[in-house]
file input_30.cif (mmCIF, C-alpha atoms)
data_upload
loop_
_atom_site.label_atom_id
_atom_site.label_comp_id
_atom_site.auth_asym_id
_atom_site.auth_seq_id
_atom_site.Cartn_x
_atom_site.Cartn_y
_atom_site.Cartn_z
CA MET A 1 19.32 17.46 32.31
CA ALA A 2 21.05 14.41 33.56
CA ASP A 3 24.34 16.27 34.04
CA THR A 4 24.87 17.49 37.56
CA VAL A 5 26.68 20.78 38.13
CA ILE A 6 26.75 22.39 41.58
CA GLY A 7 28.45 25.68 42.44
CA ILE A 8 29.09 27.44 45.75
CA ALA A 9 30.59 30.91 46.06
CA GLY A 10 32.36 31.81 49.28
CA LYS A 11 33.87 35.19 50.06
CA ASP A 12 37.06 34.64 48.10
CA PHE A 13 36.66 31.33 46.33
CA VAL A 14 34.20 29.44 44.15
CA VAL A 15 33.81 25.70 44.42
CA MET A 16 32.24 23.85 41.52
CA ALA A 17 31.40 20.18 41.21
CA ALA A 18 30.13 18.11 38.32
CA ASP A 19 29.36 14.45 37.82
CA LYS A 20 31.78 12.54 35.64
CA SER A 21 29.60 10.17 33.69
CA ARG A 22 28.54 10.49 30.09
CA ALA A 23 25.59 8.15 29.51
CA ARG A 24 23.04 7.61 26.79
CA SER A 25 19.93 5.53 27.31
CA ILE A 26 21.01 2.52 29.36
CA VAL A 27 24.71 2.68 28.56
CA ILE A 28 27.35 4.59 30.52
CA MET A 29 29.88 5.53 27.89
CA VAL A 30 32.43 7.44 29.92
CA ASN A 31 33.16 7.68 33.62
CA GLU A 32 35.94 10.27 33.54
CA GLU A 33 34.34 13.23 31.80
CA ASP A 34 35.33 16.72 32.98
CA LYS A 35 32.29 18.93 32.50
CA ILE A 36 33.87 22.00 34.02
CA MET A 37 35.90 24.02 31.56
CA ASN A 38 38.69 26.25 32.79
CA LEU A 39 38.36 29.75 31.39
CA GLU A 40 41.68 31.60 31.46
CA ARG A 41 43.22 31.46 34.91
CA ASN A 42 40.39 32.54 37.13
CA LYS A 43 37.06 31.21 35.89
CA LEU A 44 35.21 27.92 35.79
CA LEU A 45 32.41 27.06 33.36
CA GLY A 46 30.30 24.05 34.27
CA ALA A 47 27.86 22.90 31.59
CA SER A 48 24.81 20.67 31.72
CA GLY A 49 22.50 19.69 28.88
CA SER A 50 22.87 18.39 25.38
CA PRO A 51 26.43 17.01 25.23
CA GLY A 52 27.38 18.29 21.76
CA ASP A 53 26.01 21.75 22.39
CA CYS A 54 27.67 21.94 25.79
CA SER A 55 31.17 21.10 24.66
CA GLN A 56 30.91 23.19 21.47
CA PHE A 57 29.57 26.19 23.34
CA CYS A 58 32.10 26.00 26.17
CA ASP A 59 34.92 25.71 23.62
CA LEU A 60 33.55 28.72 21.78
CA ILE A 61 33.44 30.81 24.96
CA GLN A 62 36.90 29.71 26.03
CA LYS A 63 38.54 30.56 22.70
CA ASN A 64 36.74 33.89 22.42
CA LEU A 65 37.87 34.87 25.91
CA ASN A 66 41.43 33.95 24.93
CA LEU A 67 41.16 36.06 21.77
CA HIS A 68 39.92 38.97 23.86
CA ARG A 69 42.92 38.60 26.15
CA PHE A 70 45.36 38.69 23.21
CA LYS A 71 43.63 41.63 21.59
CA THR A 72 43.40 43.76 24.69
CA ASP A 73 46.19 42.48 26.97
CA VAL A 74 43.63 42.26 29.79
CA PRO A 75 41.48 39.25 30.72
CA LEU A 76 37.73 39.78 31.06
CA SER A 77 36.27 39.99 34.55
CA THR A 78 33.92 37.21 35.65
CA ASN A 79 30.97 39.57 35.36
CA ALA A 80 31.94 40.59 31.83
CA ALA A 81 32.59 36.98 30.83
CA ALA A 82 29.17 35.94 32.16
CA HIS A 83 27.45 38.69 30.21
CA PHE A 84 29.42 37.83 27.09
CA THR A 85 28.38 34.19 27.46
CA ARG A 86 24.74 35.16 27.96
CA ASN A 87 24.94 37.33 24.88
CA GLN A 88 26.18 34.41 22.79
CA LEU A 89 23.28 32.30 24.06
CA ALA A 90 20.83 35.09 23.33
CA GLN A 91 22.08 35.63 19.77
CA ALA A 92 21.72 31.94 18.97
CA LEU A 93 18.36 31.63 20.74
CA ARG A 94 16.13 32.76 17.88
CA LYS A 95 18.21 31.03 15.24
CA SER A 96 19.67 27.78 16.44
CA PRO A 97 19.66 27.62 20.24
CA TYR A 98 22.35 26.00 22.33
CA GLN A 99 20.71 23.50 24.67
CA CYS A 100 23.17 24.24 27.37
CA ASN A 101 22.73 25.26 31.02
CA LEU A 102 25.75 26.76 32.71
CA LEU A 103 27.27 27.78 35.98
CA LEU A 104 30.09 30.28 35.60
CA GLY A 105 32.18 30.94 38.68
CA GLY A 106 35.26 33.07 39.04
CA PHE A 107 37.55 35.04 41.26
CA ASP A 108 38.58 38.63 40.48
CA GLU A 109 41.07 40.68 42.45
CA ASP A 110 38.67 43.57 43.00
CA GLU A 111 35.28 41.84 43.01
CA GLY A 112 36.20 38.72 44.92
CA ALA A 113 34.34 35.51 44.16
CA SER A 114 31.18 35.42 42.05
CA LEU A 115 28.93 32.71 40.64
CA TYR A 116 26.54 33.13 37.73
CA TYR A 117 23.66 30.92 36.61
CA LEU A 118 22.84 30.85 32.90
CA ASP A 119 20.26 28.72 31.22
CA TYR A 120 19.56 27.72 27.64
CA LEU A 121 17.04 30.54 27.21
CA ALA A 122 19.86 33.02 27.87
CA SER A 123 18.83 34.07 31.33
CA LEU A 124 21.56 35.27 33.68
CA GLN A 125 21.51 35.50 37.44
CA LYS A 126 24.24 36.11 39.98
CA LEU A 127 23.92 33.63 42.84
CA LYS A 128 25.63 32.59 46.03
CA TYR A 129 25.08 28.93 45.21
CA GLY A 130 23.29 27.05 42.47
CA ALA A 131 22.85 23.78 40.63
CA GLN A 132 22.03 22.64 37.11
CA GLY A 133 20.31 19.53 35.93
CA TYR A 134 17.77 17.28 37.67
CA ALA A 135 20.15 17.28 40.58
CA SER A 136 19.04 20.82 41.41
CA TYR A 137 15.68 19.42 42.58
CA PHE A 138 17.53 17.44 45.21
CA VAL A 139 20.44 19.62 46.29
CA LEU A 140 19.03 23.14 46.36
CA SER A 141 17.23 22.51 49.62
CA ILE A 142 20.42 21.17 51.17
CA LEU A 143 22.32 24.22 49.99
CA ASP A 144 19.50 26.45 51.27
CA LYS A 145 19.80 24.92 54.71
CA ASP A 146 23.56 24.72 55.14
CA TYR A 147 25.07 27.55 53.05
CA ARG A 148 26.70 30.36 55.02
CA PRO A 149 28.53 33.33 53.48
CA ASP A 150 31.61 32.72 55.63
CA LEU A 151 32.24 29.16 54.47
CA THR A 152 35.81 28.02 54.06
CA VAL A 153 36.86 25.89 51.11
CA GLU A 154 36.81 22.80 53.33
CA ASP A 155 33.30 23.65 54.57
CA ALA A 156 32.11 24.12 51.00
CA VAL A 157 33.60 20.79 49.91
CA ALA A 158 31.94 19.09 52.90
CA LEU A 159 28.65 20.71 51.89
CA LEU A 160 29.14 19.33 48.39
CA HIS A 161 29.66 15.88 49.85
CA ASN A 162 26.32 16.21 51.64
CA CYS A 163 24.80 17.02 48.26
CA PHE A 164 26.45 13.99 46.67
CA ALA A 165 25.15 11.76 49.46
CA GLU A 166 21.61 12.98 48.86
CA LEU A 167 21.97 12.38 45.11
CA ARG A 168 23.31 8.90 45.68
CA GLN A 169 20.40 8.07 47.90
CA ARG A 170 17.52 9.63 45.99
CA PHE A 171 18.51 10.45 42.41
CA MET A 172 17.72 7.65 39.96
CA ILE A 173 20.57 8.44 37.59
CA ASN A 174 23.29 7.19 39.82
CA SER A 175 26.55 8.97 39.18
CA PRO A 176 29.24 7.48 41.38
CA ASN A 177 31.98 9.95 40.69
CA PHE A 178 32.24 13.70 40.90
CA ILE A 179 34.99 16.16 40.06
CA ILE A 180 35.41 19.16 42.36
CA LYS A 181 37.33 22.26 41.28
CA VAL A 182 38.17 25.40 43.21
CA VAL A 183 39.05 28.84 41.88
CA ASP A 184 40.53 31.48 44.16
CA ALA A 185 43.34 34.01 44.28
CA ASN A 186 45.83 31.24 43.45
CA GLY A 187 44.01 30.16 40.32
CA ILE A 188 42.24 26.96 39.47
CA ARG A 189 42.90 23.62 41.11
CA VAL A 190 41.19 20.24 41.21
CA VAL A 191 40.25 19.34 44.76
CA GLU A 192 38.90 15.91 44.15
CA GLN A 193 38.57 13.57 41.24
CA PHE B 1 13.28 45.45 -18.72
CA PHE B 2 14.93 45.85 -15.36
CA CYS B 3 18.63 46.70 -15.50
CA LEU B 4 20.58 46.64 -12.28
CA VAL B 5 24.02 48.12 -12.60
CA SER B 6 25.84 48.86 -9.38
CA PHE B 7 28.60 51.30 -10.12
CA THR B 8 29.84 51.16 -6.54
CA MET B 9 30.48 47.45 -6.98
CA SER B 10 32.33 47.67 -10.26
CA SER B 11 34.55 50.51 -9.12
CA TYR B 12 36.15 48.09 -6.65
CA ASP B 13 36.76 45.46 -9.29
CA ARG B 14 39.77 47.10 -10.82
CA ALA B 15 43.07 45.64 -9.76
CA ILE B 16 45.61 48.02 -8.29
CA THR B 17 48.54 45.67 -8.21
CA VAL B 18 49.29 44.82 -11.82
CA PHE B 19 52.42 43.67 -13.64
CA SER B 20 54.73 46.13 -15.32
CA PRO B 21 56.09 45.26 -18.78
CA ASP B 22 59.31 43.96 -17.26
CA GLY B 23 57.61 41.68 -14.78
CA HIS B 24 57.59 43.87 -11.66
CA LEU B 25 54.72 44.35 -9.26
CA PHE B 26 55.38 47.97 -8.48
CA GLN B 27 52.80 48.19 -5.69
CA VAL B 28 54.56 45.38 -3.88
CA GLU B 29 57.91 47.06 -4.38
CA TYR B 30 56.51 50.37 -3.13
CA ALA B 31 55.16 48.48 -0.11
CA LEU B 32 58.67 47.18 0.54
CA GLU B 33 59.81 50.81 0.43
CA ALA B 34 57.30 51.60 3.14
CA VAL B 35 58.74 48.74 5.17
CA ARG B 36 62.22 50.12 4.66
CA LYS B 37 61.07 53.35 6.28
CA GLY B 38 59.74 51.60 9.38
CA THR B 39 61.65 51.15 12.63
CA THR B 40 64.09 48.26 12.73
CA ALA B 41 63.15 44.84 14.10
CA VAL B 42 65.61 42.00 14.73
CA GLY B 43 65.00 38.32 15.37
CA VAL B 44 67.60 35.83 16.64
CA LYS B 45 67.19 32.09 17.10
CA GLY B 46 69.20 30.65 19.99
CA LYS B 47 69.65 27.12 21.22
CA ASP B 48 66.47 27.01 23.32
CA VAL B 49 65.45 30.61 23.08
CA LEU B 50 64.21 33.20 20.61
CA ILE B 51 64.90 36.90 20.88
CA LEU B 52 62.97 39.72 19.24
CA GLY B 53 64.42 43.20 19.40
CA VAL B 54 62.86 46.39 18.07
CA GLU B 55 63.87 49.99 17.76
CA LYS B 56 61.45 52.19 19.63
CA ARG B 57 60.94 55.44 17.82
CA THR B 58 61.30 58.37 20.24
CA VAL B 59 57.81 59.15 21.44
CA ALA B 60 56.42 62.63 21.56
CA LYS B 61 56.68 64.30 24.96
CA LEU B 62 52.99 63.98 25.77
CA GLN B 63 52.63 60.45 24.37
CA ASP B 64 52.37 57.40 26.61
CA PRO B 65 55.15 55.05 25.45
CA ARG B 66 53.43 51.96 26.87
CA THR B 67 50.72 52.17 24.22
CA VAL B 68 53.19 51.91 21.36
CA ARG B 69 53.60 48.16 21.03
CA LYS B 70 55.79 46.67 18.34
CA ILE B 71 56.26 43.17 19.75
CA VAL B 72 52.93 41.40 20.19
CA LYS B 73 51.69 37.98 21.26
CA LEU B 74 49.66 36.10 18.71
CA ASP B 75 49.03 33.12 20.97
CA GLU B 76 50.48 31.70 24.18
CA HIS B 77 53.62 30.52 22.46
CA ILE B 78 53.98 32.77 19.40
CA CYS B 79 55.23 36.36 19.13
CA LEU B 80 55.43 38.77 16.24
CA ALA B 81 57.45 41.89 15.53
CA PHE B 82 56.88 44.03 12.46
CA ALA B 83 58.36 46.88 10.47
CA GLY B 84 56.30 49.28 8.39
CA LEU B 85 52.81 50.76 8.62
CA THR B 86 51.57 50.28 12.20
CA ALA B 87 47.89 50.41 11.27
CA ASP B 88 48.32 47.73 8.61
CA ALA B 89 50.12 45.61 11.22
CA ARG B 90 47.22 45.98 13.63
CA VAL B 91 44.77 44.58 11.07
CA LEU B 92 47.03 41.68 10.12
CA ILE B 93 47.81 40.85 13.76
CA ASN B 94 44.09 40.75 14.61
CA LYS B 95 43.40 38.37 11.75
CA ALA B 96 46.28 36.16 12.91
CA ARG B 97 45.03 36.16 16.52
CA VAL B 98 41.56 35.10 15.44
CA GLU B 99 43.06 32.34 13.31
CA CYS B 100 45.13 31.08 16.25
CA GLN B 101 41.99 30.66 18.37
CA SER B 102 39.95 29.35 15.48
CA HIS B 103 42.57 26.67 14.88
CA ARG B 104 42.44 25.69 18.56
CA LEU B 105 38.67 25.51 18.35
CA THR B 106 38.48 23.31 15.27
CA VAL B 107 41.42 20.94 15.77
CA GLU B 108 41.84 21.17 19.57
CA ASP B 109 45.52 21.98 19.05
CA ALA B 110 47.67 25.08 19.09
CA VAL B 111 48.96 26.46 15.80
CA SER B 112 52.51 25.76 14.74
CA VAL B 113 54.73 28.73 13.96
CA GLU B 114 54.86 27.68 10.32
CA TYR B 115 51.06 27.49 10.13
CA VAL B 116 50.51 30.99 11.39
CA THR B 117 53.33 32.32 9.20
CA ARG B 118 51.79 30.63 6.17
CA TYR B 119 48.44 32.11 7.11
CA ILE B 120 49.78 35.66 7.44
CA ALA B 121 51.82 35.34 4.25
CA GLY B 122 48.72 34.00 2.50
CA ILE B 123 46.75 37.08 3.48
CA GLN B 124 49.55 39.37 2.37
CA GLN B 125 49.62 37.62 -1.00
CA LYS B 126 45.84 37.80 -1.36
CA TYR B 127 46.00 41.56 -1.07
CA THR B 128 48.41 41.70 -4.02
CA GLN B 129 45.94 39.92 -6.24
CA SER B 130 42.57 41.37 -5.29
CA GLY B 131 40.45 44.15 -6.69
CA GLY B 132 40.44 47.50 -5.01
CA MET B 133 43.04 46.61 -2.37
CA ARG B 134 46.64 47.57 -1.87
CA PRO B 135 49.26 45.33 -0.29
CA PHE B 136 49.94 45.52 3.46
CA GLY B 137 52.91 47.79 4.06
CA ILE B 138 54.61 45.54 6.58
CA SER B 139 57.12 42.76 6.92
CA THR B 140 56.88 40.55 9.98
CA LEU B 141 59.19 38.44 12.10
CA ILE B 142 57.32 35.55 13.72
CA VAL B 143 58.87 33.45 16.47
CA GLY B 144 57.76 30.54 18.57
CA PHE B 145 58.37 26.95 19.60
CA ASP B 146 56.68 24.08 17.81
CA THR B 147 55.42 20.89 19.43
CA SER B 148 58.71 19.09 18.94
CA GLY B 149 60.31 21.78 21.09
CA ALA B 150 62.45 23.37 18.38
CA PRO B 151 62.60 27.18 18.15
CA ASN B 152 61.45 28.81 14.91
CA LEU B 153 61.99 32.22 13.33
CA TYR B 154 60.08 33.14 10.18
CA GLN B 155 59.87 36.28 8.11
CA THR B 156 57.07 37.48 5.82
CA ASP B 157 56.99 40.46 3.47
CA PRO B 158 54.39 42.43 1.45
CA SER B 159 54.69 40.10 -1.52
CA GLY B 160 53.48 37.20 0.59
CA THR B 161 56.69 35.20 0.57
CA TYR B 162 57.84 33.63 3.79
CA SER B 163 60.92 31.74 4.85
CA ALA B 164 62.65 30.50 7.97
CA TRP B 165 65.75 32.19 9.33
CA LYS B 166 68.39 31.74 12.00
CA ALA B 167 68.57 35.49 12.43
CA ASN B 168 67.14 38.36 10.44
CA ALA B 169 66.35 42.04 10.46
CA ILE B 170 63.61 44.12 8.82
CA GLY B 171 62.91 47.83 8.54
CA LYS B 172 65.30 50.76 8.49
CA ASN B 173 68.95 49.85 7.93
CA SER B 174 68.03 46.17 7.95
CA LYS B 175 70.82 45.47 5.45
CA THR B 176 73.46 46.75 7.86
CA VAL B 177 71.98 44.75 10.71
CA ARG B 178 71.73 41.59 8.62
CA GLU B 179 75.36 41.91 7.58
CA PHE B 180 76.31 42.30 11.24
CA LEU B 181 74.31 39.18 12.09
CA GLU B 182 75.87 37.22 9.25
CA LYS B 183 79.29 38.09 10.59
CA ASN B 184 78.57 37.45 14.26
CA TYR B 185 75.79 34.88 14.51
CA THR B 186 76.26 31.73 16.52
CA GLU B 187 73.50 29.55 17.95
CA GLY B 188 73.96 30.63 21.52
CA ASP B 189 72.29 30.35 24.90
CA ARG B 190 69.84 32.88 26.36
CA ASP B 191 72.34 35.51 27.44
CA SER B 192 74.54 35.43 24.35
CA SER B 193 71.47 35.59 22.09
CA ILE B 194 70.13 38.61 23.98
CA LYS B 195 73.51 40.26 23.71
CA LEU B 196 73.76 39.56 19.99
CA THR B 197 70.31 41.08 19.43
CA ALA B 198 71.17 44.18 21.42
CA LYS B 199 74.50 44.58 19.67
CA ALA B 200 72.85 44.19 16.27
CA LEU B 201 70.26 46.86 17.11
CA MET B 202 72.88 49.19 18.52
CA GLU B 203 74.60 49.18 15.14
CA VAL B 204 71.80 51.28 13.73
CA VAL B 205 69.80 52.70 16.64
CA GLU B 206 70.93 56.04 18.02
CA SER B 207 71.35 56.62 21.74
CA GLY B 208 71.07 53.10 23.04
CA SER B 209 68.86 51.91 25.80
CA LYS B 210 65.90 54.28 25.67
CA ASN B 211 65.16 53.25 22.11
CA ILE B 212 65.47 49.48 22.36
CA GLU B 213 62.87 46.93 23.40
CA ILE B 214 63.74 43.25 23.68
CA ALA B 215 61.46 40.24 24.15
CA VAL B 216 62.81 36.85 25.24
CA ILE B 217 60.75 33.83 24.21
CA THR B 218 61.43 30.48 25.83
CA ARG B 219 59.40 27.31 25.68
CA GLU B 220 57.74 28.28 28.96
CA ASP B 221 56.97 31.96 28.58
CA VAL B 222 57.52 35.34 27.02
CA THR B 223 59.36 38.09 28.91
CA ILE B 224 59.87 41.69 27.90
CA LEU B 225 63.10 43.01 29.37
CA SER B 226 62.59 45.97 31.67
CA GLU B 227 64.14 49.37 31.05
CA THR B 228 66.74 48.82 33.77
CA GLU B 229 67.72 45.46 32.32
CA ILE B 230 68.18 47.00 28.89
CA GLU B 231 70.16 49.88 30.36
CA GLN B 232 72.50 47.45 32.11
CA LEU B 233 72.85 45.39 28.94
CA VAL B 234 73.63 48.42 26.79
CA THR B 235 76.16 49.79 29.29
CA GLN B 236 77.84 46.40 29.44
CA ILE B 237 78.08 46.18 25.65
CA GLU B 238 79.42 49.72 25.37
CA GLU B 239 82.03 49.03 28.02
CA GLU B 240 83.14 45.88 26.23
CA LYS B 241 83.33 47.81 22.98
CA THR B 242 85.56 50.54 24.45
CA ALA B 243 87.75 47.86 26.05
CA GLU B 244 88.11 46.14 22.67
CA ASP B 245 88.88 49.37 20.87
CA LYS B 246 91.79 50.10 23.20
#
call {"tool": "encode", "arguments": {"input": "input_30.cif", "output": "structure tokens"}}
result
Amino acid sequence: MADTVIGIAGKDFVVMAADKSRARSIVIMVNEEDKIMNLERNKLLGASGSPGDCSQFCDLIQKNLNLHRFKTDVPLSTNAAAHFTRNQLAQALRKSPYQCNLLLGGFDEDEGASLYYLDYLASLQKLKYGAQGYASYFVLSILDKDYRPDLTVEDAVALLHNCFAELRQRFMINSPNFIIKVVDANGIRVVEQ
Amino acid sequence: FFCLVSFTMSSYDRAITVFSPDGHLFQVEYALEAVRKGTTAVGVKGKDVLILGVEKRTVAKLQDPRTVRKIVKLDEHICLAFAGLTADARVLINKARVECQSHRLTVEDAVSVEYVTRYIAGIQQKYTQSGGMRPFGISTLIVGFDTSGAPNLYQTDPSGTYSAWKANAIGKNSKTVREFLEKNYTEGDRDSSIKLTAKALMEVVESGSKNIEIAVITREDVTILSETEIEQLVTQIEEEKTAEDK
């Protein structure tokens, strides 16, 4: 819950940000953690929740998507990948659930940009923008107010900065650093570290 | 008294691959026969490049040639070509692909060429020593670069043996091709290795370019030569040959 993941989908790009700290109790263990996994060349998977479950689950999804690409010569679309991920969460739910909340964003040639919200109970929802973790209580209203469908990448990054400012001011778990990644027609790149 | 005898279970206990009195595993040798009937595959190790060449059997008129794949990717950096029963190859290749990802998942590192070769050879051996199963009717050529940057070429066969090679051939007329390679192999650059592979294949493949497929594996990526590139290559080789013969 302490992990912050925020995602914004424009017309032809998805911007995703996550905080970079890994902390337990009163100790900050790591300040350089990348919580957004790159899936293939056109998808981002940001995870928030129980740290072991998150990294294990994201690894599992990434390797299974790779296997699918080798078996079929074609990478999965973002929509298919999101449904596959949800399915994995659902199968584990009544056995040994993954305590892992995700934002999956991607860019496909035909579909354009899309962002999906998945939670640990295996729900799935396509969104224009979303956030995971306690941070969502603070930033969703800012995103509600300032999101527009015709945002550019720069606008979206500026919007993210507004979100960070709000978190810095009001959120008790103070995470000084964020990583911002963008996925668009040119692939994945890190905008800010 | 409750007696549970499952006849379906016990009928798969019997071994199919058993020793002959003079120490042969005939099923394995018959599997090698099946490999010998398959289309030829050639592998050549160059200085910083690996080449896989295969003979493409002439497809039926109504068949889509793009769906007949004999050179496949096992992982980002590893390719495989096979000779023998295509369906058996499909099963083995799938297992190898899963193992490549599984290895990445558990040790956070890509497989080495030797690891995946050992894995495939291990499966092939298992099927020569298990109840109710016959050996896989394929030999494979596995190529890739390891972490130190060196190119690797390995071969496996139905018995489950594997070894590294500088250049090798499997399938139909592989003996002829191997002899050609033994006579003409040098550790060359990209172009000379491609040429050597094409020449070796042309020794045994009828009517040149339409029936040859060549994959070039470098440290960075894997490229399959296009039909036009192969045509040009074959024409060039044939011209050189006629010039030499004069």
call {"tool": "closest_residue", "arguments": {"input": "input_30.cif", "among": "B:Glu229, B:Glu179, B:Asp221, B:Glu238", "to": "Ile78 in chain B", "atoms": "all atoms listed in the file"}}
result
B:Asp221
call {"tool": "resolve_selection", "arguments": {"input": "input_30.cif", "expression": "the PyMOL selection byres ((chain A and resi 50-52) around 10)", "output": "list in words"}}
result
Met1, Ala2, Asp3, Arg22, Ala23, Lys35, Ala47, Ser48, Gly49, Asp53, Cys54, Ser55, Gln56, Phe57, Tyr98, Gln99, Cys100 and Asn101 of chain A
call {"tool": "residues_around", "arguments": {"input": "input_30.cif", "residues": "range 163-167 of chain A", "least_positions_apart": "5", "cutoff": "7 Å", "atoms": "all atoms listed in the file", "output": "ChimeraX atom specification"}}
result
/A:135,138-139,142
call {"tool": "write_last_selection", "arguments": {"input": "input_30.cif", "atoms": "C-alpha atoms", "output": "short mmCIF file (atom, residue, chain, number, x, y, z; two decimals), in the coordinates of the input"}}
result
data_model
loop_
_atom_site.label_atom_id
_atom_site.label_comp_id
_atom_site.auth_asym_id
_atom_site.auth_seq_id
_atom_site.Cartn_x
_atom_site.Cartn_y
_atom_site.Cartn_z
CA ALA A 135 20.15 17.28 40.58
CA PHE A 138 17.53 17.44 45.21
CA VAL A 139 20.44 19.62 46.29
CA ILE A 142 20.42 21.17 51.17
#
call {"tool": "resolve_selection", "arguments": {"input": "input_30.cif", "expression": "the PyMOL selection byres ((chain B) within 8 of (chain A))", "output": "JSON, numbers by chain"}}
result
{"B": [73, 74, 75, 94, 97, 98, 101, 102, 104, 105]}
call {"tool": "residues_around", "arguments": {"input": "input_30.cif", "residues": "range 120-128 of chain B", "least_positions_apart": "3", "cutoff": "10 Å", "atoms": "only C-alpha atoms", "output": "short mmCIF file (atom, residue, chain, number, x, y, z; two decimals) with C-alpha atoms, in the frame of the given file"}}
result
data_model
loop_
_atom_site.label_atom_id
_atom_site.label_comp_id
_atom_site.auth_asym_id
_atom_site.auth_seq_id
_atom_site.Cartn_x
_atom_site.Cartn_y
_atom_site.Cartn_z
CA ALA B 15 43.07 45.64 -9.76
CA ILE B 16 45.61 48.02 -8.29
CA THR B 17 48.54 45.67 -8.21
CA VAL B 18 49.29 44.82 -11.82
CA LEU B 25 54.72 44.35 -9.26
CA GLN B 27 52.80 48.19 -5.69
CA VAL B 28 54.56 45.38 -3.88
CA LEU B 92 47.03 41.68 10.12
CA ILE B 93 47.81 40.85 13.76
CA LYS B 95 43.40 38.37 11.75
CA ALA B 96 46.28 36.16 12.91
CA GLU B 99 43.06 32.34 13.31
CA GLU B 114 54.86 27.68 10.32
CA TYR B 115 51.06 27.49 10.13
CA VAL B 116 50.51 30.99 11.39
CA THR B 117 53.33 32.32 9.20
CA GLY B 131 40.45 44.15 -6.69
CA GLY B 132 40.44 47.50 -5.01
CA MET B 133 43.04 46.61 -2.37
CA ARG B 134 46.64 47.57 -1.87
CA PRO B 135 49.26 45.33 -0.29
CA PHE B 136 49.94 45.52 3.46
CA GLY B 137 52.91 47.79 4.06
CA ILE B 138 54.61 45.54 6.58
CA SER B 139 57.12 42.76 6.92
CA THR B 140 56.88 40.55 9.98
CA ILE B 142 57.32 35.55 13.72
CA GLN B 155 59.87 36.28 8.11
CA THR B 156 57.07 37.48 5.82
CA ASP B 157 56.99 40.46 3.47
CA PRO B 158 54.39 42.43 1.45
CA SER B 159 54.69 40.10 -1.52
CA GLY B 160 53.48 37.20 0.59
CA THR B 161 56.69 35.20 0.57
CA TYR B 162 57.84 33.63 3.79
CA SER B 163 60.92 31.74 4.85
#
call {"tool": "atom_distance", "arguments": {"input": "input_30.cif", "atom1": "CA of Ser209 in chain B", "atom2": "CA of Gly53 in chain B"}}
result
11.7 Å
call {"tool": "closest_residue", "arguments": {"input": "input_30.cif", "among": "A:Leu76, A:Val15, A:Ala82, A:Leu121", "to": "Cys58 in chain A", "atoms": "only C-alpha atoms"}}
result
A:Ala82
call {"tool": "atom_distance", "arguments": {"input": "input_30.cif", "atom1": "CA of Glu55 in chain B", "atom2": "CA of Val111 in chain B"}}
result
27.9 Å
call {"tool": "residues_around", "arguments": {"input": "input_30.cif", "residues": "range 57-70 of chain B", "least_positions_apart": "3", "cutoff": "7 Å", "atoms": "only C-alpha atoms", "output": "compact mmCIF listing (two decimals) with C-alpha atoms, in the coordinates of the input"}}
result
# COMPACT_ATOMS: atom_id res chain seq x y z
CA THR B 39 61.65 51.15 12.63
CA ALA B 81 57.45 41.89 15.53
CA PHE B 82 56.88 44.03 12.46
CA ASN B 211 65.16 53.25 22.11
call {"tool": "resolve_selection", "arguments": {"input": "input_30.cif", "expression": "the PyMOL selection byres ((chain B and resi 85) around 9)", "output": "PyMOL selection string"}}
result
chain B and resi 34-35+37-38+82-84+86-90+136-138
call {"tool": "residues_around", "arguments": {"input": "input_30.cif", "residues": "Lys145 in chain A", "least_positions_apart": "4", "cutoff": "12 Å", "atoms": "all atoms listed in the file", "output": "list in words"}}
result
Tyr129, Val139, Leu140, Ser141, Leu159, Asn162 and Cys163 of chain A
call {"tool": "decode", "arguments": {"input": "input_30.cif", "residues": "range 15-20 of chain A", "atoms": "N, CA, C and O atoms", "output": "PDB file, in the first residue's frame"}}
result
ATOM      1  N   VAL A  15       2.189   7.226 -19.791  1.00  0.00           N
ATOM      2  CA  VAL A  15       3.224   7.645 -18.859  1.00  0.00           C
ATOM      3  C   VAL A  15       2.955   6.961 -17.530  1.00  0.00           C
ATOM      4  O   VAL A  15       1.820   6.933 -17.069  1.00  0.00           O
ATOM      5  N   MET A  16       4.001   6.373 -16.943  1.00  0.00           N
ATOM      6  CA  MET A  16       3.811   5.708 -15.663  1.00  0.00           C
ATOM      7  C   MET A  16       4.904   6.150 -14.710  1.00  0.00           C
ATOM      8  O   MET A  16       6.068   6.248 -15.094  1.00  0.00           O
ATOM      9  N   ALA A  17       4.503   6.426 -13.470  1.00  0.00           N
ATOM     10  CA  ALA A  17       5.485   6.842 -12.471  1.00  0.00           C
ATOM     11  C   ALA A  17       5.345   5.962 -11.243  1.00  0.00           C
ATOM     12  O   ALA A  17       4.259   5.482 -10.932  1.00  0.00           O
ATOM     13  N   ALA A  18       6.475   5.753 -10.565  1.00  0.00           N
ATOM     14  CA  ALA A  18       6.444   4.995  -9.326  1.00  0.00           C
ATOM     15  C   ALA A  18       7.467   5.588  -8.374  1.00  0.00           C
ATOM     16  O   ALA A  18       8.481   6.135  -8.816  1.00  0.00           O
ATOM     17  N   ASP A  19       7.206   5.458  -7.072  1.00  0.00           N
ATOM     18  CA  ASP A  19       8.206   5.944  -6.126  1.00  0.00           C
ATOM     19  C   ASP A  19       9.356   4.940  -6.077  1.00  0.00           C
ATOM     20  O   ASP A  19       9.220   3.795  -6.497  1.00  0.00           O
ATOM     21  N   LYS A  20      10.497   5.410  -5.595  1.00  0.00           N
ATOM     22  CA  LYS A  20      11.699   4.590  -5.703  1.00  0.00           C
ATOM     23  C   LYS A  20      12.184   4.036  -4.380  1.00  0.00           C
ATOM     24  O   LYS A  20      13.269   3.474  -4.311  1.00  0.00           O
TER      25      LYS A  20
END
